[in-house]
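Have a look at the structure below, then the notes.
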Amino acid sequence: MARYARVTPADGVLQWAVERHGELWGLGAEVPAGAQDTAWQELVASGPGAAMLSRATLLDPARLRWETPVARPGKVICLGLNYAAHAAEGGNAAPDYPSFFLRGATSLIAHEAPLVRPRVSDKLDFEAELAVVIGRRARHLTPAQALDAVAGYACFNDGTLRDYQRRTAQWTIGKNFDGTGAFGPWLVAASALPPGASGLRIESRLNGGLMQSDRTDHMLVTVAQALVLLSEALTLEPGDVVAMGTPSGVGYARNPPVWMKPGDRIEIEIEGVGLLSNPVVAEAAPE
């Protein structure tokens, strides 16, 4: 199974890379990796050809910077309360209709980038999530065709400032602090996973300790169902991201609550998709 990542090696050339047989191969200028480039859609759909691979360069993962799988998503749409046990641990009933909300691109960070605890709050929580990356423009999808709009899947950490989330009935402010939404490192083609990425183990670990563990087939709203509902209202476009909600075990529901703090390391792992890891740091003082 091939996995794809956007990376910047030591030479400073942003590019797509493919993992093959445990090694990371840079594709250089073969597949442009800028924010406006679209060649990644064909790469993920069809895979790199033999000629492209023959020109690839072996990369050292320890000597590069990981980038988010999508440079700047047009939309990051998140589902709240999409696992029954997570809804219950917060004293919520499972919603009759998904609790959709949006994240801004400025909140996103890549694998190994610092996840920032802001100066104004210490209530920084973790949420392991499956991210769906849209591969084609779509509106009014049907259940039969919905998964055809998916390019691939990635790991996501919907880092949340719980006190800000609860200041209003709308969750937006607590979900959009800069540097709190980790995304990546890998983009795995939809064809390489079960339909809708169903039945995959999803976990979070804080400083090596297991915090969340469930399976994606326990989502109340499946990937296909979410895309059908979303496309009733809006146009899905290539590079849009849909984060599918988190299982139980989040920090705020524990007794006592567990918050991420500077010096911690948070990991999100999804079976067949990969491992997303970020150190937690304090927001820098103003200059």
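Going by the structure tokens order, chains are called A, B, ..., each with residues numbered from 1, while ligands are numbered from 1 in the order shown.
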
Can you list, as a PyMOL selection string, all residues belonging to stretch 159-243 of chain A that DSSP tags as helix (DSSP H, G or I)? chain A and resi 162-165+172-175+190-192+195-197+216-218+223-233

Any chance you could export the current selection's N, CA and C atoms as a JSON list (two decimals), in the first residue's frame?
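Result file is part01.json:
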```json
[["chain", "number", "residue", "atom", "x", "y", "z"],
["A", 162, "ARG", "N", -11.56, 23.80, 25.62],
["A", 162, "ARG", "CA", -12.91, 23.46, 26.09],
["A", 162, "ARG", "C", -13.64, 24.64, 26.73],
["A", 163, "ASP", "N", -12.94, 25.49, 27.44],
["A", 163, "ASP", "CA", -13.63, 26.62, 28.05],
["A", 163, "ASP", "C", -14.16, 27.58, 26.99],
["A", 164, "TYR", "N", -13.38, 27.79, 25.94],
["A", 164, "TYR", "CA", -13.84, 28.66, 24.86],
["A", 164, "TYR", "C", -14.95, 27.99, 24.05],
["A", 165, "GLN", "N", -14.85, 26.67, 23.88],
["A", 165, "GLN", "CA", -15.91, 25.94, 23.17],
["A", 165, "GLN", "C", -17.26, 26.15, 23.85],
["A", 172, "THR", "N", -17.39, 27.10, 17.34],
["A", 172, "THR", "CA", -16.35, 27.57, 16.43],
["A", 172, "THR", "C", -15.12, 28.13, 17.14],
["A", 173, "ILE", "N", -15.31, 29.00, 18.12],
["A", 173, "ILE", "CA", -14.17, 29.70, 18.70],
["A", 173, "ILE", "C", -13.22, 28.73, 19.41],
["A", 174, "GLY", "N", -13.76, 27.75, 20.10],
["A", 174, "GLY", "CA", -12.91, 26.81, 20.82],
["A", 174, "GLY", "C", -12.20, 25.81, 19.92],
["A", 175, "LYS", "N", -12.62, 25.74, 18.66],
["A", 175, "LYS", "CA", -12.06, 24.80, 17.70],
["A", 175, "LYS", "C", -11.11, 25.46, 16.70],
["A", 190, "ALA", "N", -8.14, 6.23, -1.05],
["A", 190, "ALA", "CA", -9.36, 5.55, -0.62],
["A", 190, "ALA", "C", -9.39, 4.10, -1.06],
["A", 191, "SER", "N", -8.83, 3.82, -2.23],
["A", 191, "SER", "CA", -8.84, 2.46, -2.76],
["A", 191, "SER", "C", -8.00, 1.49, -1.94],
["A", 192, "ALA", "N", -7.12, 2.01, -1.09],
["A", 192, "ALA", "CA", -6.23, 1.16, -0.29],
["A", 192, "ALA", "C", -6.85, 0.76, 1.04],
["A", 195, "PRO", "N", -14.09, 0.34, 2.21],
["A", 195, "PRO", "CA", -15.00, 1.42, 1.82],
["A", 195, "PRO", "C", -15.38, 2.30, 3.01],
["A", 196, "GLY", "N", -15.23, 3.61, 2.82],
["A", 196, "GLY", "CA", -15.53, 4.53, 3.90],
["A", 196, "GLY", "C", -14.57, 4.45, 5.07],
["A", 197, "ALA", "N", -13.42, 3.80, 4.88],
["A", 197, "ALA", "CA", -12.43, 3.61, 5.95],
["A", 197, "ALA", "C", -13.08, 3.00, 7.19],
["A", 216, "THR", "N", -13.60, 2.73, 13.67],
["A", 216, "THR", "CA", -14.35, 3.69, 12.86],
["A", 216, "THR", "C", -15.72, 3.18, 12.44],
["A", 217, "ASP", "N", -15.98, 1.88, 12.55],
["A", 217, "ASP", "CA", -17.33, 1.40, 12.24],
["A", 217, "ASP", "C", -18.32, 1.72, 13.36],
["A", 218, "HIS", "N", -17.84, 2.34, 14.44],
["A", 218, "HIS", "CA", -18.73, 2.79, 15.50],
["A", 218, "HIS", "C", -19.18, 4.24, 15.32],
["A", 223, "VAL", "N", -18.95, 7.89, 6.62],
["A", 223, "VAL", "CA", -18.38, 8.83, 5.66],
["A", 223, "VAL", "C", -19.36, 9.11, 4.53],
["A", 224, "ALA", "N", -19.94, 8.06, 3.95],
["A", 224, "ALA", "CA", -20.88, 8.25, 2.84],
["A", 224, "ALA", "C", -22.08, 9.08, 3.27],
["A", 225, "GLN", "N", -22.62, 8.78, 4.44],
["A", 225, "GLN", "CA", -23.78, 9.53, 4.92],
["A", 225, "GLN", "C", -23.44, 11.01, 5.15],
["A", 226, "ALA", "N", -22.26, 11.26, 5.70],
["A", 226, "ALA", "CA", -21.85, 12.65, 5.93],
["A", 226, "ALA", "C", -21.74, 13.41, 4.62],
["A", 227, "LEU", "N", -21.16, 12.78, 3.61],
["A", 227, "LEU", "CA", -20.99, 13.47, 2.33],
["A", 227, "LEU", "C", -22.33, 13.72, 1.65],
["A", 228, "VAL", "N", -23.26, 12.79, 1.77],
["A", 228, "VAL", "CA", -24.60, 13.00, 1.22],
["A", 228, "VAL", "C", -25.25, 14.21, 1.89],
["A", 229, "LEU", "N", -25.19, 14.27, 3.22],
["A", 229, "LEU", "CA", -25.82, 15.37, 3.94],
["A", 229, "LEU", "C", -25.15, 16.71, 3.63],
["A", 230, "LEU", "N", -23.83, 16.72, 3.60],
["A", 230, "LEU", "CA", -23.12, 17.96, 3.31],
["A", 230, "LEU", "C", -23.42, 18.47, 1.90],
["A", 231, "SER", "N", -23.43, 17.54, 0.94],
["A", 231, "SER", "CA", -23.61, 17.96, -0.45],
["A", 231, "SER", "C", -25.05, 18.34, -0.76],
["A", 232, "GLU", "N", -25.98, 18.09, 0.16],
["A", 232, "GLU", "CA", -27.31, 18.67, 0.02],
["A", 232, "GLU", "C", -27.27, 20.19, 0.09],
["A", 233, "ALA", "N", -26.29, 20.69, 0.86],
["A", 233, "ALA", "CA", -26.25, 22.12, 1.16],
["A", 233, "ALA", "C", -25.15, 22.87, 0.44]]
```

Would you give me, as a Markdown table, each residue of stretch 163-273 of chain A having an atom within 12 Å of an atom of stretch 40-46 of chain A, along with its shortest atom pair and that distance in Å to one decimal, using only C-alpha atoms and sorting by chain and residue number?
```
| residue | atom | partner | partner_atom | distance |
| --- | --- | --- | --- | --- |
| A:Trp186 | CA | A:Val44 | CA | 11.2 |
| A:Leu187 | CA | A:Val44 | CA | 8.1 |
| A:Val188 | CA | A:Val44 | CA | 7.7 |
| A:Ala189 | CA | A:Val44 | CA | 5.6 |
| A:Ala190 | CA | A:Ala45 | CA | 8.3 |
| A:Ser191 | CA | A:Ala45 | CA | 8.0 |
| A:Ala192 | CA | A:Val44 | CA | 10.2 |
| A:Glu237 | CA | A:Gln41 | CA | 11.6 |
| A:Pro238 | CA | A:Gln41 | CA | 7.9 |
| A:Gly239 | CA | A:Gln41 | CA | 8.8 |
```

From a DSSP calculation on the backbone, collect every residue of stretch 128-268 of chain A in strand (DSSP E) and output the set as a PyMOL selection string. chain A and resi 128-134+150-158+160-161+181-183+187-189+201-206+209-215+241-243+265-268

Residue contacts of A:Asp122 (8 Å, only C-alpha atoms) excluding same-chain residues fewer than 4 positions away, as a ChimeraX atom specification: /A:117-118,161,259-261

Could the residues in this selection be saved with C-alpha atoms as a short mmCIF file (atom, residue, chain, number, x, y, z; two decimals), in the first residue's frame?
```cif
data_model
loop_
_atom_site.label_atom_id
_atom_site.label_comp_id
_atom_site.auth_asym_id
_atom_site.auth_seq_id
_atom_site.Cartn_x
_atom_site.Cartn_y
_atom_site.Cartn_z
CA ARG A 117 -1.45 25.85 24.07
CA PRO A 118 -2.57 29.49 23.99
CA LEU A 161 -9.99 24.75 24.04
CA TRP A 259 -5.36 18.67 29.57
CA MET A 260 -2.45 18.80 27.16
CA LYS A 261 0.35 20.96 28.53
#
```

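Using only C-alpha atoms, the shortest contact distance between A:Leu79 and any of A:Ala113, A:Leu234, A:Ile268, A:Leu102 is found at A:Leu102.
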
Sorted per-residue table, stretch 115-157 of chain A near stretch 251-255 of chain A, closest atoms and distance, 9 Å, only C-alpha atoms, as JSON lines:
```
{"residue": "A:Lys123", "atom": "CA", "partner": "A:Tyr252", "partner_atom": "CA", "distance": 8.1}
{"residue": "A:Leu124", "atom": "CA", "partner": "A:Gly251", "partner_atom": "CA", "distance": 8.5}
{"residue": "A:Asp125", "atom": "CA", "partner": "A:Gly251", "partner_atom": "CA", "distance": 5.6}
{"residue": "A:Phe126", "atom": "CA", "partner": "A:Gly251", "partner_atom": "CA", "distance": 6.8}
{"residue": "A:Glu127", "atom": "CA", "partner": "A:Gly251", "partner_atom": "CA", "distance": 8.7}
```

Serialized selection, N, CA, C and O atoms, as a PDB file, in the first residue's frame:
```pdb
ATOM      1  N   LYS A 123      -7.071  24.759  29.037  1.00  0.00           N
ATOM      2  CA  LYS A 123      -8.034  23.666  28.859  1.00  0.00           C
ATOM      3  C   LYS A 123      -7.917  23.078  27.438  1.00  0.00           C
ATOM      4  O   LYS A 123      -8.896  22.965  26.704  1.00  0.00           O
ATOM      5  N   LEU A 124      -6.693  22.706  27.061  1.00  0.00           N
ATOM      6  CA  LEU A 124      -6.423  22.195  25.718  1.00  0.00           C
ATOM      7  C   LEU A 124      -6.624  20.684  25.687  1.00  0.00           C
ATOM      8  O   LEU A 124      -5.895  19.936  26.346  1.00  0.00           O
ATOM      9  N   ASP A 125      -7.593  20.240  24.916  1.00  0.00           N
ATOM     10  CA  ASP A 125      -7.980  18.825  24.861  1.00  0.00           C
ATOM     11  C   ASP A 125      -7.608  18.221  23.507  1.00  0.00           C
ATOM     12  O   ASP A 125      -7.433  18.931  22.507  1.00  0.00           O
ATOM     13  N   PHE A 126      -7.533  16.909  23.471  1.00  0.00           N
ATOM     14  CA  PHE A 126      -7.190  16.132  22.277  1.00  0.00           C
ATOM     15  C   PHE A 126      -8.428  15.438  21.741  1.00  0.00           C
ATOM     16  O   PHE A 126      -9.336  15.080  22.503  1.00  0.00           O
ATOM     17  N   GLU A 127      -8.466  15.211  20.424  1.00  0.00           N
ATOM     18  CA  GLU A 127      -9.548  14.452  19.797  1.00  0.00           C
ATOM     19  C   GLU A 127      -8.998  13.708  18.581  1.00  0.00           C
ATOM     20  O   GLU A 127      -8.694  14.326  17.553  1.00  0.00           O
TER      21      GLU A 127
END
```
